[in-house]
Structure formats: structure tokens, C-alpha cells
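Participant: Okay, here's the structure, questions in a sec.
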Amino acid sequence: MKREVARGSGGRVIIVDSITQLAPDDAGAIVVCGSHGGTSAGSFALEVPLAAVFFNDAGVGKDRAGIAALAMLQARGVPAGAVAHTSARIGDAQDAWDNGVVSHVNAAARALGFAPGARLGAVLAERVARSRDCVAPQAHGPGAATPATPAVPKSPAASTSQDPYYLPDLAWIHHVGYGHHVERVHSAIADLLRNAGVATGARVLDVGCGSGLLARELVAAGFEVHGIDASPAMIDLARESVPTATFEVLALPVRAGVGLEADRARGPATAGEAGLPAADAIVSTGHVLNYLDSREEIAVALAQLARALCPGGVIAIDLMTEAYCRTRDTVPVHAKVEDDWAIVTRFSRPAPVRYDRDITVFRRIDNQWRRSDEHHRNVTFDADEAVRILRENGVEAEVRASFGSESLPAGLVVVTGTRRAERA
Ligand SMILES: C[S@@+](CC[C@H](N)C(=O)[O-])C[C@H]1O[C@@H](n2cnc3c(N)ncnc32)[C@H](O)[C@@H]1O
């Protein structure tokens with residue numbers, strides 16, 4: 001059985017008992033299928049560019065094999081979810097449409113507002129009837145220029161479900177008291193870029209640029225730097241301290257319609273992905289990608305960075321792997337006290353891939369001490385997986401122990417790569 005059950009300015013919904021029944025003219029549809037969400041179903045779903053797809057979770061099962069497709073689709077930026085096998089019969093798309101209750105969603109679907117517990121049919125029917133935040137058909141699939149990116153209302157805050165990181169006082173303390181990492185790596189990064197053929201005046205995108213510590217050094221080395229960061233306080237500091245670079249508040253992974261400021265200022269991009277300006281080089285220090293909500297989000301962000309690189313462009317980023325956390329489990333508290341500020345950090349590992357910090361800072365303002373607290377979640381990521389994702393997205397990448405000859409903390413690794421030239 002296969003039929004269209006809803007259509008509106010927000011798209012159309014097709015229900016299909018088996019995902020194998022999809023055809024090329026289903027491209028752009030939202031699909032609700034009766035199939036399990038295993039890897040084979042994921043492969044079939046990726047054959048046709050869909051706006052979103054929902055499976056039956058089949059009880060989830062050993063190693064979550066029943067919903068493995070959600071991560072596969074996430075890696076390509078496609079919103080996907082599953083309904084509980086207890087709410088709808090497996091193999092019966094009509095039952096999923098009439099009675100299915102969402103049990104799992106990937107990050108792209110979550111960003112569109114899908115959440116466990118919702119009645120799938122009701123949510124989709126309402127969504128396609130509205131145009132404002134529709135699930136837009138996306139161009140993706142083998143050979144496409146960019147992976148699909150979900151459409152969401154324009155708001156940088158839409159890109160993270162976490163509390164904001166680096167509010168003004170912690171941003172300032174990072175700026176004045178935590179420059180040692182950039183100090184250690186900046187000349188190696190400048191050398192790496194030059195040795196890879198990135199010329200003076202080339203456009204360097206500094207991802208998670210913080211207060212501009214690295215941007216300042218790269219501008220001094222002759223590059224044209226544009227920094228992006230999720231923290232408005234960091235961007236304020238960066239603009240103040242490096243007026244010769246450009247900066248914007250932008251959180252990864254980038255959603256369609258967000259952060260196009262820079263693209264507009266630079267004119268049409270030759271490369272570029274969903275609001276990221278095209279770049280001759282992309283750099284990132286301070287394990288920025290590990291601040292993302294999940295490994296799925298990190299995978300999407302890596303693919304976006306790869307596709308923002310111009311042909312021949314170079315990427316060099318550092319990444320926190322599991323090994324980084326293992327060596328630090330025994331250090332429960334870090335503290336630093338200066339004349340006009342102090343910081344206390346408590347570490348925890350609330351889940352196997354997580355490395356969290358509760359950070360309390362005090363700052364003396366007009367002889368009064370002001371306290372603020374932040375909870376930082378970091379998600380570790382496998383360096384070989386990062387290399388695989390970059391390669392899949394056109395970048396020949398490798399893992400290194402450092403940017404140059406500097407020595408980095410154990411488990412903080414560097415991933416570098418060069419975007420392959422486009423085929424003629
Ligand atoms: C440890 S700081 C490093 C800052 C800077 N790169 C440096 O080395 O000084 C991590 C930075 O990542 C930024 N960040 C966290 N999540 C982000 C996201 N989703 N997108 C962009 N930046 C993010 C934070 O605001 C912060 O500035």
C-alpha cells in the first residue's frame with residue numbers, strides 16, 4: 001500500500017508500507033513507512049531525496065538496530081524518526097499514520113520540533129497545512145552538491161537545546177586567562193596553512209572563534225579571517241579585540257536560513273554550505289565541535305564544514321576523543337584565582353561519551369564580586385570517524401597528534417584535510 005495522505009503549502013505526506021516501494025517521483029515528500037528503521041531501510045530511504053522519513057522502531061532491539069537508520073539519515077542532514085512498535089503495527093503505514101506515537105527522532109527532526117510522545121499523523125497533518133515552518137523538500141543524495149539541511153525558523157538559538165555557553169563573565173575570563181592553547185598552536189596553524197598552499201590574503205574561517213585569540217594571530221600572519229561562534233559575548237570580545245577581522249554569531253550545525261550575513265557581505269559564494277561562507281581554509285581550536293549536543297550533530301557539522309571549503313581548501317581542527325577524558329577522570333576540580341577573577345570547575349562523566357563541567361566564575365566589578373554558573377556538556381568524537389565523514393564529503397583527511405611540532409594534551413587530536421578539486 002502506498003498513498004498520499006496530506007498535502008499543503010508545507011509539503012506532502014506519503015504513507016507506504018515498505019520503504020522499498022519508494023520511487024523517484026516521491027522526491028521531496030515526507031514519508032511515513034511501515035518498515036523497521038534498520039540499516040537496510042536507511043539505505044533505501046537515502047536513495048530518494050526526502051524531506052523527512054519516519055519508520056517503525058521495531059522494539060529498537062539489540063544495539064538499537066531497529067532505529068539505526070536515524071543516524072544514517074542524520075549524517076546526510078535528513079530529518080528522521082520512528083514510531084513505537086507498541087503504537088503501530090510494523091509493516092502497516094496506515095496504522096503508523098493513524099495511531100503512531102513518536103518514540104525516537106534524530107537531531108535534524110528534533111530541530112524541526114518533532115519529539116518523542118507526539119502523535120505522528122496529527123503533527124504532520126498540521127505541519128504540512130502551514131507554510132511558515134514547513135518541512136521543505138531538500139536536494140541531496142549521491143552526487144548532489146550539498147547535504148540536505150532542515151528548514152527552521154530563522155533564529156540562532158534554534159540550533160541548540162542547551163543552555164548558552166560562554167556568557168559575558170566566562171567569555172571575558174577565557175579571553176584574559178585561557179589563551180595558552182592558542183599561544184601553543186597558532187604559529188603551527190599558520191605554517192600548516194602556508195605549507196598546504198593557502199596564500200596570504202586567503203579567506204580563513206575560524207569556527208568557534210571565541211574572543212578572537214586565534215583570529216588575531218592569523219590576521220597578523222596575513223590571512224583574511226572571518227570568525228563564527230555561538231556565544232554573542234565571545235563575538236563582542238572578538239570584534240573589539242580584532243577589528244581587522246569579521247565575526248558573526250553563528251552556531252553549528254548551521255540551519256538553513258541562519259547566518260547568511262557573511263555570505264551576503266561577500267557576494268555569491270563559490271562553495272559554502274547553508275549559511276557558512278565559502279572558505280579557502282577552515283580552522284578551529286579548543287575542541288569546539290565537542291560542544292555540540294550529540295555525535296549526530298557533530299557529524300552533520302563536519303559535513304557542513306567540508307562542503308564550505310573551496311576546492312583545494314584546507315581544514316585543520318582539534319577534536320576531543322575518549323582518550324582525552326580517560327586521562328582526566330581522576331582530576332575532580334580545577335581552580336584558578338587571580339586578583340579580579342576566579343574560576344572553579346568540577347568535572348563529571350554523566351554518560352559514556354560525555355565529559356561535562358560545572359563552571360563557577362567570580363568577577364570583581366567595582367569592588368563587588370559577581371558570580372555566574374554554567375554547565376558545559378562536551379561529547380567526545382572518534383577521530384577516524386571524523387576522517388571518514390570528511391572524506392565522504394570530498395575532503396582527503398588524516399588524524400595527527402598536533403598541528404605542527406607542538407605537544408597537545410593526550411587525547412586532543414588534530415584532524416586536517418584538503419578538499420579535492422572538483423571533477424571537470
Ligand atoms: C573552548 S572555547 C575555544 C574558543 C577559541 N576557539 C579559542 O581557542 O580560544 C569553545 C568555543 O566554542 C564555541 N561554541 C560552542 N558551541 C558552539 C557551536 N555549536 N557553534 C559554534 N561555536 C560554538 C563556544 O562559544 C566557545 O567560544
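Residue names in the C-alpha cells use chain letters A, B, ... in the order shown, residue numbers from 1 in each chain, and ligand numbers from 1 in the order shown.
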Residues of chain A that approach ligand 1 to 9 Å or less, counting only C-alpha atoms and all ligand atoms: could you list each one with the shortest pair of atoms and its distance in Å to one decimal, rows by chain and increasing residue number, as a Markdown table?

Facilitator:
```
| residue | atom | partner | partner_atom_place_in_ligand_line | distance |
| --- | --- | --- | --- | --- |
| A:Ser159 | CA | ligand 1 | 19 (N) | 7.3 |
| A:Thr160 | CA | ligand 1 | 19 (N) | 6.9 |
| A:Pro164 | CA | ligand 1 | 25 (O) | 8.0 |
| A:Tyr165 | CA | ligand 1 | 25 (O) | 5.5 |
| A:Tyr166 | CA | ligand 1 | 25 (O) | 5.5 |
| A:Leu167 | CA | ligand 1 | 25 (O) | 8.5 |
| A:Ala171 | CA | ligand 1 | 27 (O) | 7.4 |
| A:His174 | CA | ligand 1 | 9 (O) | 7.2 |
| A:His175 | CA | ligand 1 | 9 (O) | 7.3 |
| A:Tyr178 | CA | ligand 1 | 9 (O) | 7.2 |
| A:Gly179 | CA | ligand 1 | 9 (O) | 6.2 |
| A:His180 | CA | ligand 1 | 9 (O) | 8.5 |
| A:His181 | CA | ligand 1 | 8 (O) | 6.4 |
| A:Val182 | CA | ligand 1 | 8 (O) | 5.5 |
| A:Asp206 | CA | ligand 1 | 6 (N) | 7.5 |
| A:Val207 | CA | ligand 1 | 21 (C) | 6.3 |
| A:Gly208 | CA | ligand 1 | 22 (N) | 3.8 |
| A:Cys209 | CA | ligand 1 | 6 (N) | 4.2 |
| A:Gly210 | CA | ligand 1 | 27 (O) | 3.4 |
| A:Ser211 | CA | ligand 1 | 9 (O) | 6.4 |
| A:Gly212 | CA | ligand 1 | 9 (O) | 6.9 |
| A:Leu213 | CA | ligand 1 | 9 (O) | 5.6 |
| A:Leu214 | CA | ligand 1 | 8 (O) | 6.5 |
| A:Ala215 | CA | ligand 1 | 6 (N) | 8.9 |
| A:Ile228 | CA | ligand 1 | 21 (C) | 6.4 |
| A:Asp229 | CA | ligand 1 | 22 (N) | 3.9 |
| A:Ala230 | CA | ligand 1 | 22 (N) | 4.2 |
| A:Ser231 | CA | ligand 1 | 25 (O) | 4.3 |
| A:Pro232 | CA | ligand 1 | 25 (O) | 8.0 |
| A:Ala233 | CA | ligand 1 | 25 (O) | 8.4 |
| A:Met234 | CA | ligand 1 | 27 (O) | 5.9 |
| A:Ile235 | CA | ligand 1 | 27 (O) | 8.2 |
| A:Val249 | CA | ligand 1 | 21 (C) | 8.0 |
| A:Leu250 | CA | ligand 1 | 21 (C) | 6.0 |
| A:Ala251 | CA | ligand 1 | 20 (N) | 3.4 |
| A:Leu252 | CA | ligand 1 | 20 (N) | 3.9 |
| A:Pro253 | CA | ligand 1 | 19 (N) | 6.3 |
| A:Val254 | CA | ligand 1 | 20 (N) | 8.2 |
| A:Val283 | CA | ligand 1 | 6 (N) | 8.8 |
| A:Ser284 | CA | ligand 1 | 6 (N) | 5.8 |
| A:Thr285 | CA | ligand 1 | 8 (O) | 4.3 |
| A:Gly286 | CA | ligand 1 | 3 (C) | 4.0 |
| A:His287 | CA | ligand 1 | 1 (C) | 6.3 |
| A:Val288 | CA | ligand 1 | 12 (O) | 4.2 |
| A:Leu289 | CA | ligand 1 | 17 (C) | 6.7 |
| A:Asn290 | CA | ligand 1 | 16 (N) | 7.7 |
| A:Tyr291 | CA | ligand 1 | 16 (N) | 4.6 |
| A:Leu292 | CA | ligand 1 | 19 (N) | 5.1 |
| A:Asp293 | CA | ligand 1 | 19 (N) | 7.9 |
| A:Glu297 | CA | ligand 1 | 19 (N) | 9.0 |
| A:Ile298 | CA | ligand 1 | 19 (N) | 8.9 |
| A:Ala301 | CA | ligand 1 | 19 (N) | 8.7 |
```

Participant: Just the residues within 9 Å of Leu390 of chain A, please, counting only C-alpha atoms, with nothing from its chain fewer than 2 positions along; format it as a ChimeraX atom specification.

Facilitator: /A:302-303,305-307,385-388,392-397,417,419

Participant: So how many Å separate atom CA of Lys2 of chain A and atom CA of Gly100 of chain A, to one decimal?

Facilitator: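 One can read the atom CA of Lys2 of chain A to atom CA of Gly100 of chain A distance as 16.7 Å.
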
Participant: So which residues touch Thr200 of chain A within 9 Å, counting only C-alpha atoms, skipping near sequence neighbours fewer than 4 positions away, as a list in words?

Facilitator: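 Near neighbours after the sequence-gap exclusion: Arg194, Ala221, Gly222, Phe223 and Glu224 of chain A.
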
Participant: Now that the selection is made, can you save its residues with C-alpha atoms as a short mmCIF file (atom, residue, chain, number, x, y, z; two decimals), in the first residue's frame?

Facilitator:
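selection08.cif was written with the following content:
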```
data_model
loop_
_atom_site.label_atom_id
_atom_site.label_comp_id
_atom_site.auth_asym_id
_atom_site.auth_seq_id
_atom_site.Cartn_x
_atom_site.Cartn_y
_atom_site.Cartn_z
CA ARG A 194 51.05 28.14 4.19
CA ALA A 221 50.15 36.23 9.61
CA GLY A 222 48.44 37.85 6.59
CA PHE A 223 45.18 35.93 6.27
CA GLU A 224 41.68 37.39 5.91
#
```

Participant: Could you list, as a count of residues only, every residue within 6 Å of segment 22-31 of chain A, counting only C-alpha atoms and ignoring same-chain residues fewer than 2 positions away?

Facilitator: 13

Participant: DSSP on the backbone: which residues in segment 190-424 of chain A end up as helix (DSSP H, G or I)? Give the answer as JSON, numbers by chain.

Facilitator: {"A": [190, 191, 192, 193, 194, 195, 213, 214, 215, 216, 217, 218, 219, 220, 232, 233, 234, 235, 236, 237, 238, 239, 240, 241, 261, 262, 263, 264, 265, 266, 288, 289, 290, 291, 295, 296, 297, 298, 299, 300, 301, 302, 303, 304, 305, 306, 307, 308, 322, 323, 324, 325, 326, 383, 384, 385, 386, 387, 388, 389, 390, 391, 392]}

Participant: Closest to Ala84 of chain A among A:Arg391, A:Arg3, A:Lys62, A:Arg119, using only C-alpha atoms?

Facilitator: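 For Ala84 of chain A, the nearest of the candidates is A:Arg119.
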
Participant: Apply DSSP to the structure's backbone, then extract all residues of segment 216-311 of chain A labelled strand (DSSP E or B) and return them as an NGL selection string.

Facilitator: :A and (224-229 or 246-249 or 256 or 273 or 276 or 279-284 or 309-311)

Participant: Do a neighbour search on Ala68 of chain A at 7 Å with only C-alpha atoms, toss out local chain neighbours closer than 5 positions, and write the hits as a list of chain:residue names.

Facilitator: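 The contact residues come out as A:Gly37, A:Gly38, A:Thr39.
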
Participant: Between A:Ser35, A:Thr380, A:Ser9, A:Ser407, which is the closest to Glu296 of chain A once you count only C-alpha atoms?

Facilitator: A:Thr380

Participant: Excluding Arg400 of chain A and any residue of its chain fewer than 2 positions from it, enumerate the residues within 9 Å of it, using only C-alpha atoms, and give them as a list in words.

Facilitator: Glu398, Ser402, Phe403, Gly404, Val413, Val414, Val415 and Thr416 of chain A

Participant: Find the residue from A:Leu237, A:Leu120, A:Ala41, A:Ile343 that sits nearest to Arg371 of chain A; use only C-alpha atoms when measuring.

Facilitator: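 When distances to Arg371 of chain A are compared using only C-alpha atoms, the smallest one comes from A:Ile343.
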